[in-house]
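Undergrad: First, the structure itself, so that you have it in front of you.
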Amino acid sequence: MQYNISQLLRCPVGEVRHYRVEGDVTDVDDDPQPIPVQGTVVLTRTNQGVLVRVEAALHSTEECARCLAVIRYPLQLTFEEVFYPTIDPLTGIPLPPPPEPEAFLIDHNHILDLSEAIREYAVMARPLQPLCRLDCAGLCPQCGANRNLMPCACAEPPPDPRWSALWQLGALE
């Protein structure tokens with residue numbers, strides 16, 4: 001997911017290039033295996049650098065937040081970021097750093113690498129509590145049985161007495 005944009009950096013503002021995004025990204029989830037990414041990227045020359053518009057799809061692997069089953073779910077990424085050059089393409093002179101300390105940079109060989117941007121957006125797109133299904137019953141807190149596979153014979157624990165006023169009002173069901 002690296003693009004040599006030395007010629008684009010020499011073009012006037014507004015020049016556009018279209019590319020396919022195909023490659024692997026790592027460290028999106030706890031699995032060390034690389035995750036394939038596919039999509040499109042549009043690179044537009046700006047007065048500060050290159051505006052990158054990405055639409056990409058990938059699959060991530062997680063554990064269900066209730067029953068701990070391993071699930072695989074799709075992630076759709078759509079984002080725009082400005083990548084800043086570190087070297088002037090016409091003179092070869094180093095450029096001052098961008099105003100944002102965490103900005104994405106184009107390296108000294110004019111290579112724009114999308115890997116880190118896609119990884120960061122994929123991490124942000126992951127659900128906070130992934131579920132294998134919406135009605136997942138989870139694990140029994142007493143015996144650890146997966147309630148999706150078989151009913152548990154454990155007795156329900158008594159309700160917390162601190163909630164008794166709400167139980168009496170019928171607010172908790």
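A note on labels: chains of the structure tokens are A, B, ... as shown, every chain counts residues from 1, and ligands are counted from 1 in their shown order.
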Pick out each residue of range 30-138 of chain A that DSSP on the backbone tags as strand (DSSP E or B); I need them as a ChimeraX atom specification.

TA: /A:35-45,50-63,70-85,87,94,104-106,111-113

Undergrad: Could I get the residues of range 3-64 of chain A with an atom no further than 12 Å from an atom of range 130-134 of chain A, each paired with its nearest atom pair and that distance in Å to one decimal, using only C-alpha atoms, sorted by chain and residue number, as CSV?

TA:
residue,atom,partner,partner_atom,distance
A:Ser60,CA,A:Pro130,CA,10.8
A:Thr61,CA,A:Pro130,CA,9.8
A:Glu62,CA,A:Pro130,CA,7.1
A:Glu63,CA,A:Pro130,CA,7.0
A:Cys64,CA,A:Leu131,CA,4.6

Undergrad: Selection from above, C-alpha atoms, as a PDB file, in the first residue's frame, can you write it?

TA:
ATOM      1  CA  SER A  60     -11.253  -8.416  11.718  1.00  0.00           C
ATOM      2  CA  THR A  61     -11.330 -11.200  14.308  1.00  0.00           C
ATOM      3  CA  GLU A  62     -12.516 -10.640  17.881  1.00  0.00           C
ATOM      4  CA  GLU A  63     -14.006 -12.482  20.840  1.00  0.00           C
ATOM      5  CA  CYS A  64     -17.670 -12.043  21.634  1.00  0.00           C
TER       6      CYS A  64
END

Undergrad: Tell me, as a list in words, which residues lie within 12 Å of Leu51 in chain A, counting only C-alpha atoms; anything in the same chain fewer than 5 positions away does not count.

TA: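 Those residues are Ile5, Leu8, Leu9, Val13, Gly14, Glu15, Val16, Arg17, His18, Val41, Val42, Leu43, Thr44, Arg45, Thr46, Phe79, Glu80, Glu81, Val82, Phe83, Tyr84, Pro85, Ala103, Phe104, Leu105, Ile106, Leu112 and Leu114 of chain A.
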
Undergrad: Closest to Arg53 in chain A among A:Val21, A:Pro34, A:Ile71, A:Ser6, using only C-alpha atoms?

TA: A:Val21

Undergrad: Which value, in Å to one decimal, gives the distance between CA of Ala137 in chain A and CA of Gln76 in chain A?

TA: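 Computing the Euclidean distance for CA of Ala137 in chain A and CA of Gln76 in chain A yields 27.3 Å.
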
Undergrad: List every residue of range 4-170 of chain A that DSSP, applied to the backbone, labels as alpha helix (DSSP H), and write the result as a PyMOL selection string.

TA: chain A and resi 6-10+115-125+164-169

Undergrad: Go through A:Pro127, A:Gly49, A:Ala117, A:Pro36 and flag the residue nearest Pro97 in chain A, using only C-alpha atoms for the distances.

TA: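 Selected residue with least distance to Pro97 in chain A: A:Gly49.
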
Undergrad: What is the CA of Gln38 in chain A to CA of Gln2 in chain A distance in Å?

TA: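 If I compute the distance from CA of Gln38 in chain A to CA of Gln2 in chain A, I get 13.4 Å.
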
Undergrad: Would you pick out the contacts of Ile35 in chain A at 10 Å or less, using only C-alpha atoms, so that residues sharing its chain but fewer than 6 positions from it are not included, and give the list as a count of residues only?

TA: 12
